[in-house]
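Reproduced below: work_19.txt, with compact mmCIF, C-alpha atoms (C1' of nucleotides).
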```
# COMPACT_ATOMS: atom_id res chain seq x y z
CA MET A 1 0.00 0.00 0.00
CA PRO A 2 1.40 3.37 -1.01
CA GLN A 3 2.14 5.73 1.83
CA PRO A 4 1.78 9.50 2.07
CA PRO A 5 3.32 11.67 0.91
CA ALA A 6 4.42 9.27 -1.80
CA ASP A 7 1.02 8.79 -3.35
CA LEU A 8 -0.16 12.31 -2.76
CA LEU A 9 0.68 13.01 -6.36
CA GLN A 10 -2.58 11.32 -7.34
CA GLY A 11 -3.17 12.80 -10.72
CA THR A 12 -1.13 15.94 -10.22
CA LEU A 13 2.02 14.69 -11.88
CA ASP A 14 0.98 15.67 -15.38
CA VAL A 15 0.09 19.21 -14.46
CA LEU A 16 3.29 19.63 -12.47
CA VAL A 17 5.41 18.45 -15.38
CA LEU A 18 3.56 20.68 -17.83
CA LYS A 19 4.02 23.63 -15.51
CA THR A 20 7.72 22.91 -15.17
CA LEU A 21 8.07 23.08 -18.93
CA THR A 22 6.57 26.57 -19.08
CA TRP A 23 10.02 27.76 -17.91
CA GLY A 24 11.52 26.29 -21.04
CA PRO A 25 12.61 22.87 -22.33
CA ARG A 26 13.97 20.46 -19.78
CA HIS A 27 14.96 16.81 -19.73
CA GLY A 28 13.26 14.26 -17.51
CA TYR A 29 15.86 14.10 -14.83
CA ALA A 30 15.96 17.88 -14.58
CA ILE A 31 12.16 18.05 -14.30
CA ALA A 32 12.25 15.72 -11.32
CA ARG A 33 15.09 17.65 -9.67
CA TRP A 34 13.36 20.97 -10.24
CA LEU A 35 10.06 19.81 -8.79
CA GLU A 36 11.69 18.27 -5.77
CA ASP A 37 13.83 21.33 -5.12
CA THR A 38 11.01 23.79 -5.70
CA SER A 39 8.70 21.90 -3.37
CA GLY A 40 11.34 21.87 -0.67
CA GLU A 41 11.63 18.10 -0.98
CA ALA A 42 7.92 17.73 -0.20
CA LEU A 43 7.43 16.07 -3.58
CA ARG A 44 9.18 12.86 -4.55
CA ILE A 45 9.07 12.31 -8.28
CA GLU A 46 9.62 8.60 -8.89
CA GLU A 47 11.28 7.79 -12.18
CA GLY A 48 8.89 4.90 -12.61
CA SER A 49 6.08 7.44 -12.65
CA LEU A 50 7.85 10.25 -14.46
CA TYR A 51 9.08 8.52 -17.60
CA PRO A 52 5.80 6.77 -18.35
CA ALA A 53 4.07 10.12 -17.78
CA LEU A 54 6.40 11.86 -20.23
CA TYR A 55 5.83 9.15 -22.81
CA ARG A 56 2.06 9.38 -22.31
CA MET A 57 1.98 13.14 -22.68
CA GLU A 58 4.18 13.01 -25.74
CA ARG A 59 1.76 10.54 -27.30
CA LYS A 60 -1.10 12.86 -26.50
CA GLY A 61 0.71 15.72 -28.18
CA TRP A 62 1.10 17.88 -25.09
CA ILE A 63 4.89 17.80 -25.27
CA THR A 64 7.56 16.97 -27.83
CA ALA A 65 11.01 15.57 -27.30
CA ASP A 66 14.46 16.09 -28.83
CA TRP A 67 17.73 14.54 -27.87
CA GLY A 68 20.40 16.97 -26.78
CA LEU A 69 23.13 17.49 -24.23
CA SER A 70 22.57 18.34 -20.59
CA ASP A 71 24.51 21.00 -18.67
CA LEU A 72 27.02 18.31 -17.82
CA GLY A 73 27.42 17.32 -21.44
CA ARG A 74 25.49 14.07 -21.21
CA LYS A 75 22.90 12.95 -23.67
CA ALA A 76 19.43 13.77 -22.50
CA LYS A 77 15.95 13.98 -23.95
CA PHE A 78 14.61 17.51 -23.81
CA TYR A 79 10.87 17.99 -23.58
CA ARG A 80 9.10 21.10 -24.78
CA LEU A 81 5.49 22.23 -24.32
CA THR A 82 3.31 22.22 -27.42
CA SER A 83 0.45 24.64 -27.78
CA ALA A 84 -1.91 21.75 -27.07
CA GLY A 85 0.09 21.20 -23.89
CA ARG A 86 -0.32 24.83 -22.91
CA THR A 87 -4.06 24.57 -23.40
CA ARG A 88 -4.18 21.38 -21.43
CA LEU A 89 -2.22 22.95 -18.61
CA ARG A 90 -4.68 25.83 -18.38
CA GLN A 91 -7.59 23.39 -18.35
CA GLU A 92 -6.06 21.22 -15.66
CA ILE A 93 -5.29 24.19 -13.47
CA ALA A 94 -8.85 25.45 -13.83
CA ALA A 95 -10.32 22.02 -13.12
CA GLY A 96 -8.02 21.59 -10.15
CA ARG A 97 -9.06 24.92 -8.72
CA ARG A 98 -12.72 23.97 -9.06
CA LEU A 99 -12.11 20.64 -7.35
CA VAL A 100 -10.15 22.20 -4.52
CA GLY A 101 -12.94 24.70 -4.07
CA VAL A 102 -15.70 22.14 -3.97
CA VAL A 103 -13.85 19.61 -1.82
CA GLY A 104 -12.46 22.33 0.40
CA HIS A 105 -15.92 23.72 0.99
CA ILE A 106 -17.16 20.34 2.15
CA LEU A 107 -14.14 19.57 4.29
CA GLU A 108 -13.99 22.96 5.99
CA ALA A 109 -17.60 22.74 7.12
CA ALA A 110 -17.82 22.43 10.89
CA GLY A 111 -18.38 18.79 11.80
CA MET B 1 -11.06 7.31 -21.00
CA PRO B 2 -12.64 8.97 -17.95
CA GLN B 3 -13.75 12.56 -18.51
CA PRO B 4 -13.66 15.52 -16.17
CA PRO B 5 -15.25 16.24 -13.86
CA ALA B 6 -15.97 12.56 -13.44
CA ASP B 7 -12.44 11.54 -12.54
CA LEU B 8 -11.67 14.64 -10.58
CA LEU B 9 -12.40 12.67 -7.47
CA GLN B 10 -8.95 11.10 -7.80
CA GLY B 11 -8.33 9.90 -4.28
CA THR B 12 -10.69 12.30 -2.58
CA LEU B 13 -13.63 9.94 -2.32
CA ASP B 14 -12.54 8.40 0.96
CA VAL B 15 -12.07 11.69 2.71
CA LEU B 16 -15.40 13.00 1.41
CA VAL B 17 -17.25 9.95 2.67
CA LEU B 18 -15.54 10.11 6.05
CA LYS B 19 -16.40 13.77 6.33
CA THR B 20 -20.03 13.07 5.43
CA LEU B 21 -20.22 10.62 8.30
CA THR B 22 -19.10 13.21 10.84
CA TRP B 23 -22.70 14.51 10.66
CA GLY B 24 -23.92 11.15 11.89
CA PRO B 25 -24.57 7.66 10.48
CA ARG B 26 -25.77 7.50 6.90
CA HIS B 27 -26.38 4.77 4.36
CA GLY B 28 -24.50 4.60 1.07
CA TYR B 29 -27.18 6.00 -1.12
CA ALA B 30 -27.71 8.92 1.24
CA ILE B 31 -23.97 9.64 1.31
CA ALA B 32 -23.94 9.96 -2.46
CA ARG B 33 -27.04 12.17 -2.48
CA TRP B 34 -25.64 14.39 0.26
CA LEU B 35 -22.29 14.88 -1.46
CA GLU B 36 -23.89 15.66 -4.78
CA ASP B 37 -26.36 18.09 -3.26
CA THR B 38 -23.80 19.79 -1.06
CA SER B 39 -21.40 20.23 -3.95
CA GLY B 40 -24.15 21.75 -6.06
CA GLU B 41 -24.03 18.77 -8.43
CA ALA B 42 -20.34 19.45 -9.08
CA LEU B 43 -19.51 16.01 -7.71
CA ARG B 44 -20.87 12.83 -9.24
CA ILE B 45 -20.54 9.89 -6.88
CA GLU B 46 -20.70 6.74 -8.97
CA GLU B 47 -22.08 3.73 -7.17
CA GLY B 48 -19.38 1.59 -8.72
CA SER B 49 -16.87 3.75 -6.84
CA LEU B 50 -18.83 4.34 -3.68
CA TYR B 51 -19.72 0.82 -2.61
CA PRO B 52 -16.24 -0.60 -3.10
CA ALA B 53 -14.92 2.41 -1.18
CA LEU B 54 -17.30 1.76 1.71
CA TYR B 55 -16.32 -1.89 1.78
CA ARG B 56 -12.65 -0.97 1.73
CA MET B 57 -12.95 1.50 4.57
CA GLU B 58 -14.99 -0.91 6.63
CA ARG B 59 -12.25 -3.51 6.20
CA LYS B 60 -9.69 -0.96 7.31
CA GLY B 61 -11.73 -0.21 10.41
CA TRP B 62 -12.49 3.42 9.58
CA ILE B 63 -16.21 2.82 9.50
CA THR B 64 -18.67 0.19 10.73
CA ALA B 65 -21.99 -0.85 9.25
CA ASP B 66 -25.38 -1.89 10.59
CA TRP B 67 -28.52 -2.72 8.68
CA GLY B 68 -31.48 -0.52 9.40
CA LEU B 69 -34.36 1.29 7.76
CA SER B 70 -34.07 4.43 5.69
CA ASP B 71 -36.38 7.44 5.99
CA LEU B 72 -38.60 5.78 3.43
CA GLY B 73 -38.75 2.58 5.41
CA ARG B 74 -36.50 0.57 3.13
CA LYS B 75 -33.68 -1.61 4.30
CA ALA B 76 -30.36 0.18 4.13
CA LYS B 77 -26.87 -0.26 5.49
CA PHE B 78 -25.93 2.54 7.83
CA TYR B 79 -22.27 3.45 8.15
CA ARG B 80 -20.77 5.08 11.22
CA LEU B 81 -17.33 6.61 11.77
CA THR B 82 -15.04 4.76 14.15
CA SER B 83 -12.43 6.59 16.17
CA ALA B 84 -9.82 5.21 13.79
CA GLY B 85 -11.86 6.73 11.01
CA ARG B 86 -11.90 10.09 12.75
CA THR B 87 -8.14 9.97 13.11
CA ARG B 88 -7.77 8.99 9.48
CA LEU B 89 -10.00 11.86 8.41
CA ARG B 90 -7.86 14.35 10.28
CA GLN B 91 -4.72 12.91 8.73
CA GLU B 92 -6.11 13.00 5.22
CA ILE B 93 -7.30 16.57 5.60
CA ALA B 94 -3.89 17.64 6.89
CA ALA B 95 -2.09 15.78 4.10
CA GLY B 96 -4.46 17.23 1.52
CA ARG B 97 -3.84 20.73 2.77
CA ARG B 98 -0.10 20.20 2.53
CA LEU B 99 -0.40 18.89 -1.01
CA VAL B 100 -2.65 21.73 -2.11
CA GLY B 101 -0.16 24.16 -0.62
CA VAL B 102 2.85 22.66 -2.31
CA VAL B 103 1.21 22.09 -5.68
CA GLY B 104 -0.58 25.42 -5.55
CA HIS B 105 2.68 27.19 -4.87
CA ILE B 106 4.24 25.66 -7.96
CA LEU B 107 1.24 26.25 -10.19
CA GLU B 108 0.65 29.84 -9.14
CA ALA B 109 4.21 30.83 -9.95
CA ALA B 110 4.36 33.12 -12.93
CA GLY B 111 5.29 31.13 -15.99
C1' DT C 1 43.20 2.72 -11.16
C1' DA C 2 39.53 0.48 -9.04
C1' DG C 3 35.37 1.28 -6.93
C1' DT C 4 31.50 4.15 -5.99
C1' DA C 5 28.31 7.92 -6.85
C1' DT C 6 25.84 10.64 -9.94
C1' DT C 7 23.51 11.72 -14.07
C1' DA C 8 20.20 10.12 -17.33
C1' DC C 9 17.09 6.98 -19.41
C1' DC C 10 13.91 2.91 -19.58
C1' DT C 11 10.63 -1.12 -18.42
C1' DA C 12 7.91 -4.97 -16.28
C1' DG C 13 4.85 -6.19 -12.89
C1' DA C 14 2.09 -5.32 -8.92
C1' DC C 15 -1.34 -2.58 -6.79
C1' DA C 16 -4.98 0.75 -6.03
C1' DC C 17 -8.83 3.45 -7.45
C1' DT C 18 -12.45 4.79 -10.50
C1' DC C 19 -15.59 3.96 -14.03
C1' DT C 20 -18.85 1.47 -17.10
C1' DA C 21 -22.23 -1.48 -17.21
C1' DG C 22 -24.44 -4.55 -15.77
C1' DG C 23 -27.57 -6.99 -11.99
C1' DT C 24 -31.11 -7.69 -7.66
C1' DA C 25 -35.06 -6.26 -4.94
C1' DA C 26 -38.80 -3.58 -3.00
C1' DG C 27 -41.92 0.35 -2.66
C1' DG C 28 -44.59 4.23 -4.95
C1' DA C 29 -46.83 6.53 -8.75
C1' DC C 30 -49.86 6.49 -12.71
C1' DG D 1 -49.16 -3.45 -14.94
C1' DT D 2 -45.46 -0.75 -15.96
C1' DC D 3 -42.17 2.45 -14.79
C1' DC D 4 -39.48 5.30 -11.56
C1' DT D 5 -36.97 5.64 -7.50
C1' DT D 6 -34.58 3.90 -3.65
C1' DA D 7 -30.97 0.92 -2.18
C1' DC D 8 -27.46 -2.44 -2.62
C1' DC D 9 -23.81 -5.15 -5.11
C1' DT D 10 -20.10 -6.91 -8.54
C1' DA D 11 -17.12 -7.98 -12.64
C1' DG D 12 -14.03 -6.19 -15.79
C1' DA D 13 -11.58 -2.56 -18.04
C1' DG D 14 -8.81 1.41 -17.91
C1' DT D 15 -5.51 4.45 -15.87
C1' DG D 16 -1.85 5.98 -13.00
C1' DT D 17 1.64 5.24 -9.50
C1' DC D 18 5.05 2.59 -7.27
C1' DT D 19 8.71 -0.91 -6.55
C1' DA D 20 12.43 -2.73 -8.30
C1' DG D 21 14.91 -3.76 -11.30
C1' DG D 22 18.16 -2.66 -15.59
C1' DT D 23 21.63 0.15 -19.00
C1' DA D 24 25.36 3.42 -19.84
C1' DA D 25 28.48 7.28 -19.39
C1' DT D 26 30.82 10.58 -16.61
C1' DA D 27 32.88 12.25 -12.16
C1' DC D 28 34.69 11.63 -7.75
C1' DT D 29 37.66 9.40 -4.35
C1' DA D 30 40.63 6.30 -2.18
```
Please go through the file and, once you have read it, give me the structure as structure tokens.
Amino acid sequence: MPQPPADLLQGTLDVLVLKTLTWGPRHGYAIARWLEDTSGEALRIEEGSLYPALYRMERKGWITADWGLSDLGRKAKFYRLTSAGRTRLRQEIAAGRRLVGVVGHILEAAG
Amino acid sequence: MPQPPADLLQGTLDVLVLKTLTWGPRHGYAIARWLEDTSGEALRIEEGSLYPALYRMERKGWITADWGLSDLGRKAKFYRLTSAGRTRLRQEIAAGRRLVGVVGHILEAAG
DNA sequence: TAGTATTACCTAGACACTCTAGGTAAGGAC
DNA sequence: GTCCTTACCTAGAGTGTCTAGGTAATACTA
């Protein structure tokens, strides 16, 4: 059974990755590092979740990939947001906000 | 493929059900009705998700069930929060708040 | 220079959760 | 007598995450 905070990602991985790419192209490993650093280590991005997610989103046309060289001169696959990806990101953020609003409203009610 | 807002529940069903039960014992059908009404129809609680969830949480000791009669005099299974369930609810709310904070912080950043 | 750590990618299999799409049964309305 | 609503239940598919491996090249360190 997955334990918090490990499985707290529940459906937020895609949107986090898309958001990361709004800062410019990045390779998978860098995406994970950036998210973990930016969250103050609150988020753990498992490679077994990340790479399948990248592949999935590429298939869906939200991102595209090109091989290149990382800062350290190693070969790495750089992902870039497509315009479909940008649209999707906006939609997911809006939907997420709605959900947080609705769920929050129920959970904050005095019990 | 599941469509929004249908799959927006993503892992929030348990906490919503537990929260519903803080108002007192309720049967499954009533839980679904209450959540849908309270959310202004924004939430759709599918029975194929709800009943397995109730069974799961009962097995985990977060809720207990007793057969009784509904308002309309029909037989219905009433679920009640256990103290383990109350603890779990608090934990899930706290974890959810943390996640919303972390993810929100990343998503709100100017891209 | 041998061993270890880090960077960087990938995959198979297990597990959990939700949904679709059925089904049962009983009471109420028309 | 038929249909709607209430109320419960389950099988199977789909999706997403995790664990736990693996590859390969570079960098550090002893």
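Selecting chain C residues within 10 Å of chain B and counting all atoms listed in the file yields C:DA16, C:DC17, C:DT18, C:DC19, C:DT20, C:DA21, C:DA26, C:DG27.
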Expected file: the selected residues, C-alpha atoms (C1' of nucleotides), as a PDB file, keeping the file's coordinate frame:
```pdb
ATOM      1  C1'  DA C  16      -4.980   0.750  -6.030  1.00  0.00           C
ATOM      2  C1'  DC C  17      -8.830   3.450  -7.450  1.00  0.00           C
ATOM      3  C1'  DT C  18     -12.450   4.790 -10.500  1.00  0.00           C
ATOM      4  C1'  DC C  19     -15.590   3.960 -14.030  1.00  0.00           C
ATOM      5  C1'  DT C  20     -18.850   1.470 -17.100  1.00  0.00           C
ATOM      6  C1'  DA C  21     -22.230  -1.480 -17.210  1.00  0.00           C
ATOM      7  C1'  DA C  26     -38.800  -3.580  -3.000  1.00  0.00           C
ATOM      8  C1'  DG C  27     -41.920   0.350  -2.660  1.00  0.00           C
TER       9       DG C  27
END
```
Would you mind listing what lies within 12 Å of stretch 61-66 of chain A as a PyMOL selection string, with all atoms listed in the file counted and same-chain residues fewer than 6 positions away left out? chain A and resi 14-15+17-22+24-28+53-55+75-90
With only C-alpha atoms considered, list every residue of chain B at most 9 Å from chain A, as an MDAnalysis selection string. chainID B and resid 4:5 8:12 15:16 19:20 22:23 35 38:40 42:43 93 95:96 98:100 102:103 105:107 111
Onto chain B, please fit chain A by least squares using all C-alpha atoms in order, then return the transformed chain as an mmCIF file with C-alpha atoms, keeping the file's coordinate frame.
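Full text of part-v3.cif as output:
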```
data_model
loop_
_atom_site.group_PDB
_atom_site.id
_atom_site.type_symbol
_atom_site.label_atom_id
_atom_site.label_comp_id
_atom_site.auth_asym_id
_atom_site.auth_seq_id
_atom_site.Cartn_x
_atom_site.Cartn_y
_atom_site.Cartn_z
ATOM 1 C CA MET A 1 -10.600 7.532 -20.921
ATOM 2 C CA PRO A 2 -12.304 9.146 -17.949
ATOM 3 C CA GLN A 3 -13.416 12.708 -18.462
ATOM 4 C CA PRO A 4 -13.469 15.650 -16.066
ATOM 5 C CA PRO A 5 -15.178 16.275 -13.805
ATOM 6 C CA ALA A 6 -15.896 12.574 -13.488
ATOM 7 C CA ASP A 7 -12.400 11.541 -12.541
ATOM 8 C CA LEU A 8 -11.628 14.627 -10.539
ATOM 9 C CA LEU A 9 -12.377 12.604 -7.456
ATOM 10 C CA GLN A 10 -8.916 11.063 -7.754
ATOM 11 C CA GLY A 11 -8.338 9.911 -4.246
ATOM 12 C CA THR A 12 -10.720 12.313 -2.565
ATOM 13 C CA LEU A 13 -13.643 9.938 -2.321
ATOM 14 C CA ASP A 14 -12.560 8.390 0.954
ATOM 15 C CA VAL A 15 -12.093 11.683 2.716
ATOM 16 C CA LEU A 16 -15.404 12.993 1.413
ATOM 17 C CA VAL A 17 -17.256 9.933 2.662
ATOM 18 C CA LEU A 18 -15.547 10.092 6.046
ATOM 19 C CA LYS A 19 -16.420 13.760 6.327
ATOM 20 C CA THR A 20 -20.034 13.068 5.441
ATOM 21 C CA LEU A 21 -20.234 10.604 8.301
ATOM 22 C CA THR A 22 -19.108 13.202 10.839
ATOM 23 C CA TRP A 23 -22.713 14.488 10.650
ATOM 24 C CA GLY A 24 -23.909 11.135 11.889
ATOM 25 C CA PRO A 25 -24.571 7.656 10.472
ATOM 26 C CA ARG A 26 -25.778 7.487 6.912
ATOM 27 C CA HIS A 27 -26.376 4.760 4.360
ATOM 28 C CA GLY A 28 -24.514 4.595 1.069
ATOM 29 C CA TYR A 29 -27.199 6.015 -1.110
ATOM 30 C CA ALA A 30 -27.711 8.922 1.267
ATOM 31 C CA ILE A 31 -23.966 9.646 1.329
ATOM 32 C CA ALA A 32 -23.940 9.963 -2.442
ATOM 33 C CA ARG A 33 -27.039 12.178 -2.456
ATOM 34 C CA TRP A 34 -25.648 14.392 0.283
ATOM 35 C CA LEU A 35 -22.311 14.888 -1.436
ATOM 36 C CA GLU A 36 -23.899 15.640 -4.761
ATOM 37 C CA ASP A 37 -26.379 18.075 -3.248
ATOM 38 C CA THR A 38 -23.814 19.774 -1.041
ATOM 39 C CA SER A 39 -21.421 20.230 -3.940
ATOM 40 C CA GLY A 40 -24.159 21.754 -6.047
ATOM 41 C CA GLU A 41 -24.033 18.771 -8.388
ATOM 42 C CA ALA A 42 -20.343 19.432 -9.063
ATOM 43 C CA LEU A 43 -19.531 15.986 -7.690
ATOM 44 C CA ARG A 44 -20.885 12.805 -9.226
ATOM 45 C CA ILE A 45 -20.553 9.888 -6.858
ATOM 46 C CA GLU A 46 -20.678 6.718 -8.949
ATOM 47 C CA GLU A 47 -22.095 3.719 -7.151
ATOM 48 C CA GLY A 48 -19.395 1.584 -8.700
ATOM 49 C CA SER A 49 -16.872 3.707 -6.836
ATOM 50 C CA LEU A 50 -18.849 4.332 -3.673
ATOM 51 C CA TYR A 51 -19.748 0.812 -2.592
ATOM 52 C CA PRO A 52 -16.271 -0.615 -3.097
ATOM 53 C CA ALA A 53 -14.934 2.394 -1.174
ATOM 54 C CA LEU A 54 -17.325 1.746 1.711
ATOM 55 C CA TYR A 55 -16.357 -1.912 1.788
ATOM 56 C CA ARG A 56 -12.658 -0.999 1.728
ATOM 57 C CA MET A 57 -12.962 1.492 4.553
ATOM 58 C CA GLU A 58 -14.999 -0.915 6.622
ATOM 59 C CA ARG A 59 -12.263 -3.507 6.188
ATOM 60 C CA LYS A 60 -9.704 -0.969 7.289
ATOM 61 C CA GLY A 61 -11.732 -0.224 10.389
ATOM 62 C CA TRP A 62 -12.485 3.399 9.572
ATOM 63 C CA ILE A 63 -16.234 2.810 9.498
ATOM 64 C CA THR A 64 -18.685 0.182 10.707
ATOM 65 C CA ALA A 65 -21.986 -0.848 9.230
ATOM 66 C CA ASP A 66 -25.401 -1.880 10.568
ATOM 67 C CA TRP A 67 -28.527 -2.709 8.681
ATOM 68 C CA GLY A 68 -31.486 -0.491 9.423
ATOM 69 C CA LEU A 69 -34.365 1.321 7.796
ATOM 70 C CA SER A 70 -34.060 4.468 5.724
ATOM 71 C CA ASP A 71 -36.355 7.494 6.043
ATOM 72 C CA LEU A 72 -38.600 5.844 3.494
ATOM 73 C CA GLY A 73 -38.732 2.627 5.462
ATOM 74 C CA ARG A 74 -36.480 0.628 3.166
ATOM 75 C CA LYS A 75 -33.679 -1.575 4.315
ATOM 76 C CA ALA A 76 -30.371 0.189 4.151
ATOM 77 C CA LYS A 77 -26.873 -0.266 5.496
ATOM 78 C CA PHE A 78 -25.923 2.540 7.842
ATOM 79 C CA TYR A 79 -22.269 3.449 8.148
ATOM 80 C CA ARG A 80 -20.788 5.087 11.209
ATOM 81 C CA LEU A 81 -17.342 6.610 11.782
ATOM 82 C CA THR A 82 -15.039 4.736 14.137
ATOM 83 C CA SER A 83 -12.439 6.560 16.157
ATOM 84 C CA ALA A 84 -9.819 5.195 13.770
ATOM 85 C CA GLY A 85 -11.888 6.736 10.984
ATOM 86 C CA ARG A 86 -11.910 10.083 12.744
ATOM 87 C CA THR A 87 -8.145 9.966 13.076
ATOM 88 C CA ARG A 88 -7.774 8.995 9.472
ATOM 89 C CA LEU A 89 -10.012 11.837 8.390
ATOM 90 C CA ARG A 90 -7.885 14.353 10.273
ATOM 91 C CA GLN A 91 -4.736 12.913 8.712
ATOM 92 C CA GLU A 92 -6.144 12.994 5.205
ATOM 93 C CA ILE A 93 -7.321 16.556 5.582
ATOM 94 C CA ALA A 94 -3.903 17.612 6.843
ATOM 95 C CA ALA A 95 -2.110 15.758 4.055
ATOM 96 C CA GLY A 96 -4.480 17.211 1.492
ATOM 97 C CA ARG A 97 -3.864 20.714 2.743
ATOM 98 C CA ARG A 98 -0.112 20.188 2.495
ATOM 99 C CA LEU A 99 -0.440 18.861 -1.043
ATOM 100 C CA VAL A 100 -2.677 21.702 -2.140
ATOM 101 C CA GLY A 101 -0.191 24.126 -0.662
ATOM 102 C CA VAL A 102 2.818 22.630 -2.362
ATOM 103 C CA VAL A 103 1.154 22.049 -5.729
ATOM 104 C CA GLY A 104 -0.614 25.382 -5.569
ATOM 105 C CA HIS A 105 2.650 27.166 -4.920
ATOM 106 C CA ILE A 106 4.189 25.629 -8.015
ATOM 107 C CA LEU A 107 1.177 26.195 -10.228
ATOM 108 C CA GLU A 108 0.592 29.796 -9.181
ATOM 109 C CA ALA A 109 4.152 30.792 -10.015
ATOM 110 C CA ALA A 110 4.237 33.146 -12.983
ATOM 111 C CA GLY A 111 5.140 31.177 -16.097
#
```
What is the distance between atom CA of A:Trp67 and atom C1' of C:DG13, in Å to one decimal?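 Atom CA of A:Trp67 sits 28.6 Å away from atom C1' of C:DG13.
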Test item: which residues lie within 8 Å of (35.7, 10.4, -8.0) counting all atoms listed in the file, as a ChimeraX atom specification: /C:4-5 /D:27-29
Should the cut-off be 9 Å, what would the residue list for chain D against chain A look like, counting only C-alpha atoms (C1' of nucleotides), as a PDB file with C-alpha atoms (C1' of nucleotides), in the frame of the given file?
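For reference, part-v7.pdb as written:
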```pdb
ATOM      1  C1'  DG D  16      -1.850   5.980 -13.000  1.00  0.00           C
ATOM      2  C1'  DT D  17       1.640   5.240  -9.500  1.00  0.00           C
ATOM      3  C1'  DC D  18       5.050   2.590  -7.270  1.00  0.00           C
ATOM      4  C1'  DT D  19       8.710  -0.910  -6.550  1.00  0.00           C
ATOM      5  C1'  DA D  25      28.480   7.280 -19.390  1.00  0.00           C
ATOM      6  C1'  DT D  26      30.820  10.580 -16.610  1.00  0.00           C
TER       7       DT D  26
END
```
